[in-house]
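So this one's run14.txt, compact mmCIF, C-alpha atoms and all ligand atoms:
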# COMPACT_ATOMS: atom_id res chain seq x y z
CA ASN A 1034 127.96 -47.98 50.29
CA LEU A 1035 129.64 -47.70 46.88
CA PRO A 1036 132.44 -50.12 45.94
CA GLU A 1037 135.99 -48.75 46.02
CA GLN A 1038 136.91 -50.73 42.94
CA VAL A 1039 134.99 -51.80 39.89
CA VAL A 1040 135.93 -54.38 37.28
CA ILE A 1041 134.98 -53.43 33.75
CA LYS A 1042 134.82 -56.33 31.32
CA GLU A 1043 135.25 -55.17 27.75
CA VAL A 1044 132.89 -57.00 25.40
CA GLY A 1045 133.19 -54.72 22.36
CA PRO A 1046 135.17 -57.11 20.14
CA ARG A 1047 132.39 -59.67 20.62
CA ASP A 1048 129.08 -58.00 21.52
CA GLY A 1049 130.00 -54.84 19.61
CA LEU A 1050 131.33 -56.33 16.41
CA GLN A 1051 128.73 -59.11 16.20
CA ASN A 1052 126.16 -56.41 15.55
CA GLU A 1053 128.08 -54.30 13.05
CA PRO A 1054 126.61 -54.79 9.59
CA GLN A 1055 129.94 -54.63 7.81
CA LYS A 1056 132.73 -57.11 8.33
CA ILE A 1057 135.88 -55.71 9.90
CA PRO A 1058 139.06 -57.22 8.44
CA THR A 1059 140.67 -59.72 10.80
CA ASP A 1060 143.97 -57.86 11.15
CA GLN A 1061 142.11 -54.72 12.25
CA LYS A 1062 140.27 -56.66 14.93
CA ILE A 1063 143.57 -58.06 16.13
CA GLU A 1064 145.13 -54.61 16.19
CA TRP A 1065 142.14 -53.22 18.11
CA ILE A 1066 142.29 -55.98 20.73
CA ASN A 1067 146.04 -55.40 21.07
CA ARG A 1068 145.35 -51.73 21.72
CA LEU A 1069 142.64 -52.62 24.24
CA SER A 1070 145.22 -54.78 26.02
CA ASP A 1071 147.33 -51.66 26.58
CA THR A 1072 144.60 -49.62 28.29
CA GLY A 1073 144.68 -51.31 31.69
CA LEU A 1074 141.62 -53.49 31.09
CA SER A 1075 141.88 -56.82 32.91
CA TYR A 1076 139.26 -58.70 30.89
CA ILE A 1077 138.44 -58.70 27.18
CA GLU A 1078 135.81 -60.83 25.48
CA ILE A 1079 137.48 -61.10 22.11
CA THR A 1080 135.15 -63.17 19.90
CA SER A 1081 132.62 -65.94 19.77
CA PHE A 1082 132.87 -69.55 18.58
CA VAL A 1083 129.30 -69.81 17.35
CA HIS A 1084 128.11 -70.96 13.96
CA PRO A 1085 129.53 -68.60 11.30
CA LYS A 1086 126.23 -68.72 9.45
CA TRP A 1087 124.53 -67.20 12.49
CA ILE A 1088 127.20 -64.57 13.17
CA PRO A 1089 129.28 -64.08 10.01
CA GLN A 1090 130.98 -61.03 11.56
CA LEU A 1091 132.90 -63.33 13.90
CA ALA A 1092 133.62 -66.16 11.47
CA ASP A 1093 137.33 -65.42 11.93
CA ALA A 1094 137.18 -66.26 15.66
CA LEU A 1095 139.97 -68.81 15.58
CA GLU A 1096 142.38 -66.59 13.71
CA VAL A 1097 141.65 -63.61 15.95
CA ALA A 1098 142.04 -65.64 19.12
CA LYS A 1099 145.29 -67.21 17.93
CA SER A 1100 146.85 -64.02 16.64
CA ILE A 1101 146.31 -61.43 19.36
CA ARG A 1102 149.22 -60.47 21.56
CA LYS A 1103 148.21 -61.82 24.95
CA LYS A 1104 149.27 -59.72 27.84
CA LYS A 1105 149.91 -61.13 31.29
CA GLY A 1106 147.20 -60.35 33.81
CA ILE A 1107 144.44 -60.04 31.22
CA THR A 1108 141.72 -62.66 30.84
CA TYR A 1109 140.82 -63.24 27.19
CA ALA A 1110 137.35 -64.75 26.91
CA ALA A 1111 135.01 -65.92 24.16
CA LEU A 1112 131.44 -67.11 23.77
CA VAL A 1113 131.00 -70.84 23.30
CA PRO A 1114 127.54 -72.34 22.61
CA ASN A 1115 128.40 -76.07 22.46
CA LEU A 1116 131.21 -78.64 22.26
CA LYS A 1117 131.82 -77.83 18.63
CA GLY A 1118 132.57 -74.23 19.65
CA LEU A 1119 134.63 -75.36 22.61
CA GLU A 1120 136.90 -77.38 20.33
CA ARG A 1121 137.92 -74.20 18.51
CA ALA A 1122 138.15 -72.20 21.73
CA LEU A 1123 140.56 -74.77 23.18
CA GLU A 1124 142.57 -74.83 19.99
CA ALA A 1125 143.02 -71.08 20.43
CA ASP A 1126 143.83 -71.59 24.12
CA ILE A 1127 141.25 -69.05 25.24
CA ASP A 1128 141.48 -68.21 28.98
CA GLU A 1129 137.80 -68.18 29.80
CA VAL A 1130 134.79 -69.76 28.16
CA SER A 1131 131.39 -68.03 28.25
CA VAL A 1132 128.27 -70.13 27.88
CA PHE A 1133 125.00 -68.34 27.28
CA MET A 1134 121.25 -68.81 27.33
CA SER A 1135 118.11 -66.78 27.93
CA ALA A 1136 115.65 -66.55 30.79
CA SER A 1137 112.79 -66.41 28.27
CA GLU A 1138 111.86 -69.38 26.12
CA THR A 1139 111.29 -67.57 22.81
CA HIS A 1140 114.52 -65.60 22.87
CA ASN A 1141 116.46 -68.73 23.79
CA LYS A 1142 114.93 -70.55 20.83
CA LYS A 1143 115.63 -67.73 18.38
CA ASN A 1144 119.16 -67.20 19.65
CA ILE A 1145 120.45 -70.75 20.05
CA ASN A 1146 117.79 -72.86 18.38
CA LYS A 1147 116.80 -74.86 21.45
CA THR A 1148 114.28 -74.86 24.27
CA ILE A 1149 115.60 -73.83 27.67
CA LYS A 1150 115.26 -77.42 28.88
CA ASP A 1151 117.27 -78.78 25.95
CA THR A 1152 119.95 -76.12 26.42
CA TYR A 1153 120.99 -77.24 29.92
CA PRO A 1154 122.67 -80.53 28.92
CA VAL A 1155 124.51 -78.81 26.07
CA LEU A 1156 125.92 -76.12 28.36
CA GLU A 1157 126.69 -78.64 31.09
CA GLU A 1158 128.86 -80.59 28.66
CA VAL A 1159 130.71 -77.42 27.74
CA VAL A 1160 131.28 -76.46 31.39
CA ASN A 1161 132.53 -79.95 32.30
CA GLU A 1162 134.84 -80.16 29.33
CA ALA A 1163 136.18 -76.63 29.81
CA LYS A 1164 136.88 -77.37 33.49
CA LYS A 1165 138.81 -80.49 32.49
CA HIS A 1166 141.05 -78.14 30.55
CA ASN A 1167 141.38 -75.81 33.55
CA LYS A 1168 139.41 -73.01 31.95
CA SER A 1169 137.25 -70.73 34.00
CA VAL A 1170 133.66 -70.47 32.82
CA ARG A 1171 131.27 -67.56 32.76
CA GLY A 1172 127.54 -68.03 32.32
CA TYR A 1173 125.35 -65.44 30.66
CA VAL A 1174 121.64 -65.17 31.23
CA SER A 1175 119.93 -62.98 28.60
CA THR A 1176 116.55 -61.22 28.71
CA VAL A 1177 116.75 -60.87 32.50
CA PHE A 1178 114.86 -57.56 32.50
CA GLY A 1179 112.58 -58.15 29.53
CA CYS A 1180 112.23 -60.19 26.34
CA PRO A 1181 111.66 -58.76 22.85
CA TYR A 1182 109.11 -61.51 22.15
CA GLU A 1183 107.50 -62.23 25.52
CA GLY A 1184 107.75 -58.88 27.27
CA GLU A 1185 108.01 -59.28 31.02
CA VAL A 1186 110.27 -62.02 32.37
CA SER A 1187 109.66 -63.34 35.87
CA VAL A 1188 112.45 -63.02 38.41
CA ASP A 1189 111.72 -66.58 39.51
CA GLN A 1190 112.59 -67.75 36.02
CA VAL A 1191 115.84 -65.74 36.08
CA ILE A 1192 116.74 -67.28 39.42
CA ASP A 1193 115.90 -70.75 38.14
CA VAL A 1194 118.16 -70.45 35.10
CA SER A 1195 120.93 -68.81 37.16
CA ARG A 1196 120.81 -71.59 39.74
CA ARG A 1197 121.12 -74.22 37.03
CA LEU A 1198 124.21 -72.44 35.68
CA PHE A 1199 125.81 -72.12 39.13
CA ASP A 1200 125.05 -75.80 39.78
CA MET A 1201 126.94 -76.65 36.59
CA GLY A 1202 129.97 -74.94 38.12
CA ILE A 1203 130.23 -71.57 36.39
CA ASP A 1204 132.62 -69.16 38.09
CA GLU A 1205 130.72 -66.00 37.28
CA LEU A 1206 127.19 -65.15 36.22
CA SER A 1207 126.49 -62.23 33.91
CA LEU A 1208 122.91 -60.95 33.96
CA GLY A 1209 121.96 -59.40 30.63
CA ASP A 1210 119.53 -56.62 29.85
CA THR A 1211 119.66 -57.78 26.26
CA ILE A 1212 117.28 -55.20 24.81
CA GLY A 1213 118.05 -52.36 27.20
CA VAL A 1214 114.65 -52.00 28.84
CA ALA A 1215 115.68 -52.00 32.50
CA HIS A 1216 115.41 -48.95 34.74
CA PRO A 1217 116.91 -48.41 38.19
CA LYS A 1218 113.79 -49.36 40.14
CA GLN A 1219 113.53 -52.68 38.31
CA VAL A 1220 117.27 -53.25 38.68
CA GLU A 1221 116.92 -52.76 42.42
CA GLU A 1222 113.97 -55.17 42.63
CA VAL A 1223 115.70 -57.87 40.61
CA LEU A 1224 119.10 -57.53 42.26
CA LEU A 1225 117.68 -57.62 45.78
CA ARG A 1226 116.16 -60.99 44.91
CA ILE A 1227 119.43 -62.13 43.29
CA LYS A 1228 121.43 -61.14 46.38
CA ASP A 1229 119.03 -63.12 48.54
CA GLU A 1230 119.38 -66.23 46.42
CA PHE A 1231 123.11 -66.12 45.66
CA PRO A 1232 124.71 -64.18 48.52
CA ASN A 1233 128.30 -65.23 47.97
CA LYS A 1234 128.39 -65.68 44.25
CA SER A 1235 130.21 -63.67 41.60
CA ILE A 1236 127.75 -61.71 39.56
CA ALA A 1237 128.30 -59.24 36.74
CA LEU A 1238 125.76 -56.95 35.12
CA HIS A 1239 125.48 -56.61 31.37
CA PHE A 1240 123.41 -53.56 30.50
CA HIS A 1241 122.56 -52.44 27.01
CA ASP A 1242 121.86 -48.75 26.56
CA THR A 1243 118.98 -48.93 24.08
CA ARG A 1244 116.86 -46.52 26.09
CA GLY A 1245 119.59 -44.50 27.77
CA THR A 1246 119.23 -46.10 31.21
CA ALA A 1247 122.41 -48.18 31.30
CA LEU A 1248 124.62 -45.85 33.35
CA ALA A 1249 121.84 -45.25 35.86
CA ASN A 1250 121.40 -49.00 36.10
CA CYS A 1251 125.12 -49.47 36.77
CA LEU A 1252 124.97 -46.89 39.55
CA THR A 1253 121.96 -48.61 41.12
CA ALA A 1254 123.76 -51.96 41.00
CA MET A 1255 126.85 -50.40 42.62
CA GLN A 1256 124.71 -48.99 45.42
CA LEU A 1257 123.59 -52.57 46.09
CA GLY A 1258 127.21 -53.74 46.26
CA PHE A 1259 127.74 -55.11 42.75
CA ASN A 1260 131.08 -54.20 41.24
CA THR A 1261 131.48 -55.97 37.90
CA PHE A 1262 130.12 -54.58 34.66
CA ASP A 1263 130.29 -55.59 31.02
CA ALA A 1264 130.77 -52.67 28.67
CA SER A 1265 131.55 -52.01 25.05
CA LEU A 1266 133.98 -49.33 23.99
CA GLY A 1267 132.29 -46.39 22.30
CA GLY A 1268 128.91 -48.08 22.82
CA LEU A 1269 129.49 -50.34 19.83
CA GLY A 1270 127.13 -53.29 19.52
CA GLY A 1271 123.90 -55.07 20.33
CA CYS A 1272 122.29 -58.44 19.75
CA PRO A 1273 121.32 -59.47 16.21
CA TYR A 1274 118.54 -61.77 17.49
CA ALA A 1275 116.89 -59.10 19.63
CA LYS A 1276 115.20 -56.50 17.46
CA GLY A 1277 116.02 -52.94 18.43
CA ALA A 1278 118.86 -53.90 20.76
CA SER A 1279 121.67 -51.38 20.66
CA GLY A 1280 125.09 -51.21 22.19
CA ASN A 1281 126.19 -52.10 25.68
CA VAL A 1282 126.82 -49.37 28.18
CA ALA A 1283 129.84 -47.57 26.73
CA THR A 1284 133.12 -48.41 28.46
CA ASP A 1285 134.35 -44.84 28.05
CA ASP A 1286 131.17 -43.30 29.53
CA LEU A 1287 131.23 -45.73 32.43
CA LEU A 1288 134.91 -45.04 33.06
CA TYR A 1289 134.34 -41.28 32.98
CA MET A 1290 131.70 -41.66 35.68
CA LEU A 1291 133.76 -44.02 37.84
CA ASP A 1292 136.90 -41.87 37.54
CA GLY A 1293 134.91 -38.83 38.61
CA MET A 1294 133.52 -40.71 41.60
CA GLY A 1295 137.01 -41.83 42.64
CA ILE A 1296 136.23 -45.51 42.02
CA GLU A 1297 139.26 -47.46 40.86
CA THR A 1298 139.31 -49.54 37.67
CA GLY A 1299 142.96 -49.60 36.63
CA ILE A 1300 142.02 -48.32 33.17
CA ASP A 1301 143.63 -45.31 31.51
CA PHE A 1302 140.97 -42.98 30.11
CA GLN A 1303 143.08 -41.43 27.36
CA LYS A 1304 144.40 -44.77 26.15
CA LEU A 1305 140.83 -46.04 26.09
CA LEU A 1306 139.70 -43.11 23.95
CA ASP A 1307 142.63 -43.72 21.60
CA ALA A 1308 141.54 -47.35 21.21
CA ALA A 1309 137.98 -46.14 20.55
CA GLY A 1310 139.31 -43.77 17.90
CA TYR A 1311 141.07 -46.67 16.22
CA ILE A 1312 137.95 -48.84 15.84
CA GLN A 1313 135.87 -45.81 14.89
CA ARG A 1314 138.19 -45.21 11.93
CA GLN A 1315 137.81 -48.84 10.87
CA ILE A 1316 134.00 -48.90 11.02
CA GLN A 1317 133.92 -45.46 9.40
CA LYS A 1318 131.05 -44.04 11.40
CA PRO A 1319 130.85 -42.13 14.67
CA LEU A 1320 130.62 -44.29 17.75
CA PRO A 1321 127.53 -43.48 19.84
CA SER A 1322 129.11 -42.98 23.29
CA HIS A 1323 128.98 -39.53 24.88
CA GLN A 1324 132.76 -39.39 25.22
CA MET A 1325 133.26 -40.10 21.53
CA GLN A 1326 130.73 -37.41 20.61
CA ILE A 1327 132.84 -34.94 22.57
CA VAL A 1328 136.01 -36.10 20.81
CA HIS A 1329 134.14 -35.80 17.53
CA HIS A 1330 133.28 -32.16 18.18
CA GLN A 1331 136.76 -31.12 19.28
P1 LIG B 1401 122.06 -75.38 15.31
O1 LIG B 1401 121.87 -75.18 13.86
O2 LIG B 1401 120.86 -75.79 16.12
O3 LIG B 1401 123.26 -76.41 15.55
O4 LIG B 1401 122.70 -74.09 15.90
P2 LIG B 1401 123.34 -77.96 15.41
O5 LIG B 1401 123.99 -78.47 16.64
O6 LIG B 1401 122.03 -78.54 15.00
O7 LIG B 1401 124.35 -78.12 14.19
C1 LIG B 1401 124.04 -77.68 12.87
C2 LIG B 1401 125.32 -77.47 12.08
O8 LIG B 1401 126.05 -76.41 12.67
C3 LIG B 1401 126.27 -78.66 12.08
O9 LIG B 1401 126.95 -78.63 10.83
C4 LIG B 1401 127.23 -78.33 13.17
O10 LIG B 1401 128.48 -78.95 13.00
C5 LIG B 1401 127.36 -76.82 13.03
P3 LIG B 1401 126.57 -79.61 9.62
O11 LIG B 1401 126.69 -80.99 10.20
O12 LIG B 1401 125.13 -79.27 9.28
O13 LIG B 1401 127.55 -79.27 8.57
N1 LIG B 1401 127.72 -76.18 14.30
C6 LIG B 1401 128.76 -75.31 14.47
N2 LIG B 1401 129.68 -74.81 13.63
C7 LIG B 1401 130.58 -73.97 14.14
N3 LIG B 1401 130.63 -73.59 15.44
C8 LIG B 1401 129.73 -74.07 16.31
C9 LIG B 1401 128.74 -74.96 15.81
N4 LIG B 1401 127.72 -75.59 16.41
C10 LIG B 1401 127.12 -76.32 15.48
N5 LIG B 1401 129.78 -73.70 17.58
C11 LIG B 1401 123.99 -72.86 17.53
C12 LIG B 1401 122.96 -73.96 17.29
C13 LIG B 1401 124.02 -72.57 19.00
C14 LIG B 1401 125.33 -73.33 17.04
C15 LIG B 1401 123.53 -71.64 16.71
O14 LIG B 1401 122.23 -71.34 17.05
C16 LIG B 1401 124.40 -70.43 16.96
O15 LIG B 1401 125.54 -70.39 16.56
N6 LIG B 1401 123.86 -69.39 17.63
C17 LIG B 1401 124.63 -68.22 17.99
C18 LIG B 1401 123.76 -67.07 18.29
C19 LIG B 1401 124.60 -65.93 18.79
O16 LIG B 1401 125.81 -65.91 18.71
N7 LIG B 1401 123.90 -64.90 19.33
C20 LIG B 1401 124.54 -63.73 19.84
C21 LIG B 1401 125.28 -63.98 21.11
S1 LIG B 1401 124.25 -63.97 22.56
C22 LIG B 1401 124.14 -62.32 23.00
O17 LIG B 1401 124.54 -61.46 22.27
C23 LIG B 1401 123.60 -61.97 24.38
C24 LIG B 1401 124.69 -61.54 25.37
O18 LIG B 1401 125.40 -60.42 24.87
C25 LIG B 1401 124.05 -61.19 26.71
C26 LIG B 1401 122.89 -60.20 26.59
O19 LIG B 1401 123.06 -59.11 26.01
O20 LIG B 1401 121.82 -60.56 27.11
C27 LIG B 1401 125.68 -62.68 25.59
MG MG B 1402 124.79 -58.37 25.02
Take the structure in the file and give it back as structure tokens.
Ligand code: HMG
Ligand code: MG
Amino acid sequence: NLPEQVVIKEVGPRDGLQNEPQKIPTDQKIEWINRLSDTGLSYIEITSFVHPKWIPQLADALEVAKSIRKKKGITYAALVPNLKGLERALEADIDEVSVFMSASETHNKKNINKTIKDTYPVLEEVVNEAKKHNKSVRGYVSTVFGCPYEGEVSVDQVIDVSRRLFDMGIDELSLGDTIGVAHPKQVEEVLLRIKDEFPNKSIALHFHDTRGTALANCLTAMQLGFNTFDASLGGLGGCPYAKGASGNVATDDLLYMLDGMGIETGIDFQKLLDAAGYIQRQIQKPLPSHQMQIVHHQ
């Protein structure tokens, strides 16, 4: 029942770097993204057009997005919270716009300074405007499997928020385990409900590996027919407004598993490790993924 092909969406330059305490110089980010473009990845989330006061690490979003060498066949995406962010994203001619909100009220408020109800019209404006410019739009729902402030999040609430985003016209939904609390049994329960509600929709999973369950969660999702995963190279990253959140599932660990299982991704493992080595040298600390630990000890 496993998929023959999986799409890995690299979010390291955004989700990874937004959580690194030190600022990486802009030209190094550009160089890293250029190297990622040569690994066979088909999708890279390169930055985020949020308020620079909230995420100073990505204050150079416009310059990064304008300066990377765009390769044919790759979708370059960025987070956009509102029309102000969209303006910059369009100026940079980003391929895909990602709107985002949370399934839990408190996290939504802490992350984007609005209630869930007040967020909908803001995102709807972004989706409409992006569509006018022929951009595809991805919608993120955070705290799907648990909230750092509220604990348990009801699946009904996740479905509610997801439906609102699909109704706005998003092309893909990404379900986020923001603080990495999910385990395979919960993933199965949630995704069975999701499949029931949105049978023909595009859905990606965005697992963080805070508690070491991310790869197992990916496998569970694959067994249920899901085939699109967000991942961050070397396990870089987290969410600055979710205490204790650590990196996404590591792209290199996920690829190792998929390669071994004979599941196609189009990504070259060695080139991916080389790109991980590059960013590791820039951040000057060992990346947490298993693959990079092995490289480290060789
Ligand atoms: P706000 O302060 O409520 O915004 O922030 P506002 O609309 O009231 O405007 C206040 C000022 O900000 C104004 O400037 C605006 O022009 C400016 P002033 O008139 O005072 O000089 N402003 C902006 N400037 C630049 N770019 C913009 C922008 N918008 C307003 N886009 C806002 C609201 C959403 C902007 C803010 O809360 C914010 O930037 N939040 C970002 C939080 C964030 O990036 N979190 C991490 C990403 S989400 C995540 O990691 C989860 C995910 O990975 C999935 C998962 O793991 O679950 C995606
Ligand atoms: Mg995330």
Which residues are near ligand LIG 1401 (chain B) - at most 6 Å, using all atoms listed in the file? Format: as a CSV table (one decimal) with C-alpha atoms, in the coordinates of the input.
chain,number,residue,atom,x,y,z
A,1048,ASP,CA,129.1,-58.0,21.5
A,1082,PHE,CA,132.9,-69.6,18.6
A,1083,VAL,CA,129.3,-69.8,17.4
A,1084,HIS,CA,128.1,-71.0,14.0
A,1087,TRP,CA,124.5,-67.2,12.5
A,1088,ILE,CA,127.2,-64.6,13.2
A,1114,PRO,CA,127.5,-72.3,22.6
A,1115,ASN,CA,128.4,-76.1,22.5
A,1117,LYS,CA,131.8,-77.8,18.6
A,1118,GLY,CA,132.6,-74.2,19.6
A,1133,PHE,CA,125.0,-68.3,27.3
A,1144,ASN,CA,119.2,-67.2,19.6
A,1145,ILE,CA,120.4,-70.8,20.0
A,1146,ASN,CA,117.8,-72.9,18.4
A,1173,TYR,CA,125.4,-65.4,30.7
A,1175,SER,CA,119.9,-63.0,28.6
A,1176,THR,CA,116.6,-61.2,28.7
A,1209,GLY,CA,122.0,-59.4,30.6
A,1210,ASP,CA,119.5,-56.6,29.8
A,1211,THR,CA,119.7,-57.8,26.3
A,1272,CYS,CA,122.3,-58.4,19.8
CA of Ser1131 in chain A to CA of Arg1196 in chain A: how many Å, to one decimal? 16.0 Å
Which residues of chain A come within 10 Å of ligand MG 1402 (chain B), and what is each one's closest atom pair and distance in Å (one decimal), counting only C-alpha atoms and all ligand atoms, sorted by chain and residue number, as JSON lines?
{"residue": "A:Val1044", "atom": "CA", "partner": "B:MG1402", "partner_atom": "MG", "distance": 8.2}
{"residue": "A:Gly1045", "atom": "CA", "partner": "B:MG1402", "partner_atom": "MG", "distance": 9.5}
{"residue": "A:Arg1047", "atom": "CA", "partner": "B:MG1402", "partner_atom": "MG", "distance": 8.9}
{"residue": "A:Asp1048", "atom": "CA", "partner": "B:MG1402", "partner_atom": "MG", "distance": 5.5}
{"residue": "A:Gly1049", "atom": "CA", "partner": "B:MG1402", "partner_atom": "MG", "distance": 8.3}
{"residue": "A:Gln1051", "atom": "CA", "partner": "B:MG1402", "partner_atom": "MG", "distance": 9.7}
{"residue": "A:Asn1052", "atom": "CA", "partner": "B:MG1402", "partner_atom": "MG", "distance": 9.8}
{"residue": "A:Tyr1173", "atom": "CA", "partner": "B:MG1402", "partner_atom": "MG", "distance": 9.1}
{"residue": "A:Val1174", "atom": "CA", "partner": "B:MG1402", "partner_atom": "MG", "distance": 9.7}
{"residue": "A:Ser1175", "atom": "CA", "partner": "B:MG1402", "partner_atom": "MG", "distance": 7.6}
{"residue": "A:Thr1176", "atom": "CA", "partner": "B:MG1402", "partner_atom": "MG", "distance": 9.5}
{"residue": "A:Ser1207", "atom": "CA", "partner": "B:MG1402", "partner_atom": "MG", "distance": 9.8}
{"residue": "A:Leu1208", "atom": "CA", "partner": "B:MG1402", "partner_atom": "MG", "distance": 9.5}
{"residue": "A:Gly1209", "atom": "CA", "partner": "B:MG1402", "partner_atom": "MG", "distance": 6.4}
{"residue": "A:Asp1210", "atom": "CA", "partner": "B:MG1402", "partner_atom": "MG", "distance": 7.4}
{"residue": "A:Thr1211", "atom": "CA", "partner": "B:MG1402", "partner_atom": "MG", "distance": 5.3}
{"residue": "A:Ile1212", "atom": "CA", "partner": "B:MG1402", "partner_atom": "MG", "distance": 8.2}
{"residue": "A:Gly1213", "atom": "CA", "partner": "B:MG1402", "partner_atom": "MG", "distance": 9.3}
{"residue": "A:His1239", "atom": "CA", "partner": "B:MG1402", "partner_atom": "MG", "distance": 6.6}
{"residue": "A:Phe1240", "atom": "CA", "partner": "B:MG1402", "partner_atom": "MG", "distance": 7.4}
{"residue": "A:His1241", "atom": "CA", "partner": "B:MG1402", "partner_atom": "MG", "distance": 6.6}
{"residue": "A:Asp1263", "atom": "CA", "partner": "B:MG1402", "partner_atom": "MG", "distance": 8.6}
{"residue": "A:Ala1264", "atom": "CA", "partner": "B:MG1402", "partner_atom": "MG", "distance": 9.0}
{"residue": "A:Ser1265", "atom": "CA", "partner": "B:MG1402", "partner_atom": "MG", "distance": 9.3}
{"residue": "A:Gly1270", "atom": "CA", "partner": "B:MG1402", "partner_atom": "MG", "distance": 7.8}
{"residue": "A:Gly1271", "atom": "CA", "partner": "B:MG1402", "partner_atom": "MG", "distance": 5.8}
{"residue": "A:Cys1272", "atom": "CA", "partner": "B:MG1402", "partner_atom": "MG", "distance": 5.8}
{"residue": "A:Pro1273", "atom": "CA", "partner": "B:MG1402", "partner_atom": "MG", "distance": 9.5}
{"residue": "A:Ala1275", "atom": "CA", "partner": "B:MG1402", "partner_atom": "MG", "distance": 9.6}
{"residue": "A:Ala1278", "atom": "CA", "partner": "B:MG1402", "partner_atom": "MG", "distance": 8.6}
{"residue": "A:Ser1279", "atom": "CA", "partner": "B:MG1402", "partner_atom": "MG", "distance": 8.8}
{"residue": "A:Gly1280", "atom": "CA", "partner": "B:MG1402", "partner_atom": "MG", "distance": 7.7}
{"residue": "A:Asn1281", "atom": "CA", "partner": "B:MG1402", "partner_atom": "MG", "distance": 6.5}
{"residue": "A:Val1282", "atom": "CA", "partner": "B:MG1402", "partner_atom": "MG", "distance": 9.8}
Grab the CA of Leu1320 in chain A to CA of Asn1141 in chain A distance for me, in Å with one decimal place. 28.9 Å
Just checking: using only C-alpha atoms, which residue out of A:Asp1307, A:Ile1079, A:Gln1090, A:Asn1233 ends up closest to Thr1108 in chain A?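 Nearest candidate to Thr1108 in chain A out of A:Asp1307, A:Ile1079, A:Gln1090, A:Asn1233: A:Ile1079.
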As a ChimeraX atom specification, please: the residues near Met1325 in chain A (cut-off 8 Å, only C-alpha atoms, same-chain neighbours under 6 positions excluded). /A:1267,1306,1309-1310,1319
Could you please determine the separation between CA of Ile1236 in chain A and CA of Ala1110 in chain A in Å, to one decimal place?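 Pair CA of Ile1236 in chain A / CA of Ala1110 in chain A returns 16.2 Å.
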Which protein, DNA or RNA residues have an atom at most 8 Å from (117.6, -48.4, 27.6), counting all atoms listed in the file? List them as an NGL selection string. :A and (1212-1216 or 1241-1247)
Go ahead and find all residues with at least one atom no further than 8 Å from (125.9, -50.4, 35.4) in the file's coordinates, using only C-alpha atoms; report them as number ranges by chain. A: 1238-1240, 1247-1255, 1262, 1282, 1287
Which residue gives the smallest distance to Val1132 in chain A among A:Ile1227, A:Ala1111, A:Leu1291, A:Cys1180, with all atoms listed in the file counted?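 Comparing A:Ile1227, A:Ala1111, A:Leu1291, A:Cys1180 against Val1132 in chain A, the winner is A:Ala1111.
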Residues within 12 Å of Asp1292 in chain A, please, as a short mmCIF file (atom, residue, chain, number, x, y, z; two decimals) with C-alpha atoms, in the coordinates of the input. Count all atoms listed in the file; anything in the same chain fewer than 5 positions from it doesn't count.
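Generated output (around.cif):
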data_model
loop_
_atom_site.label_atom_id
_atom_site.label_comp_id
_atom_site.auth_asym_id
_atom_site.auth_seq_id
_atom_site.Cartn_x
_atom_site.Cartn_y
_atom_site.Cartn_z
CA GLU A 1037 135.99 -48.75 46.02
CA GLN A 1038 136.91 -50.73 42.94
CA VAL A 1039 134.99 -51.80 39.89
CA THR A 1284 133.12 -48.41 28.46
CA ASP A 1285 134.35 -44.84 28.05
CA ASP A 1286 131.17 -43.30 29.53
CA LEU A 1287 131.23 -45.73 32.43
CA GLU A 1297 139.26 -47.46 40.86
CA THR A 1298 139.31 -49.54 37.67
CA GLY A 1299 142.96 -49.60 36.63
CA ILE A 1300 142.02 -48.32 33.17
CA ASP A 1301 143.63 -45.31 31.51
CA PHE A 1302 140.97 -42.98 30.11
CA GLN A 1303 143.08 -41.43 27.36
#
With all atoms listed in the file as the atoms that count, which of A:Lys1228, A:Phe1199, A:Gln1326, A:His1140 lies nearest to Val1186 in chain A?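 The closest residue to Val1186 in chain A is A:His1140.
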Could you give me range 1046-1053 of chain A completed to N, CA and C atoms, formatted as a short mmCIF file (atom, residue, chain, number, x, y, z; two decimals), in the coordinates of the input?
data_model
loop_
_atom_site.label_atom_id
_atom_site.label_comp_id
_atom_site.auth_asym_id
_atom_site.auth_seq_id
_atom_site.Cartn_x
_atom_site.Cartn_y
_atom_site.Cartn_z
N PRO A 1046 134.75 -56.27 21.28
CA PRO A 1046 135.17 -57.11 20.14
C PRO A 1046 134.22 -58.27 19.87
N ARG A 1047 133.39 -58.63 20.85
CA ARG A 1047 132.39 -59.67 20.62
C ARG A 1047 130.99 -59.05 20.48
N ASP A 1048 130.46 -58.49 21.56
CA ASP A 1048 129.08 -58.00 21.52
C ASP A 1048 128.96 -56.80 20.57
N GLY A 1049 130.01 -55.99 20.52
CA GLY A 1049 130.00 -54.84 19.61
C GLY A 1049 130.06 -55.27 18.16
N LEU A 1050 131.12 -56.00 17.83
CA LEU A 1050 131.33 -56.33 16.41
C LEU A 1050 130.31 -57.31 15.86
N GLN A 1051 129.71 -58.13 16.71
CA GLN A 1051 128.73 -59.11 16.20
C GLN A 1051 127.51 -58.39 15.62
N ASN A 1052 127.33 -57.15 16.00
CA ASN A 1052 126.16 -56.41 15.55
C ASN A 1052 126.48 -55.34 14.51
N GLU A 1053 127.73 -55.25 14.11
CA GLU A 1053 128.08 -54.30 13.05
C GLU A 1053 127.75 -54.92 11.71
#
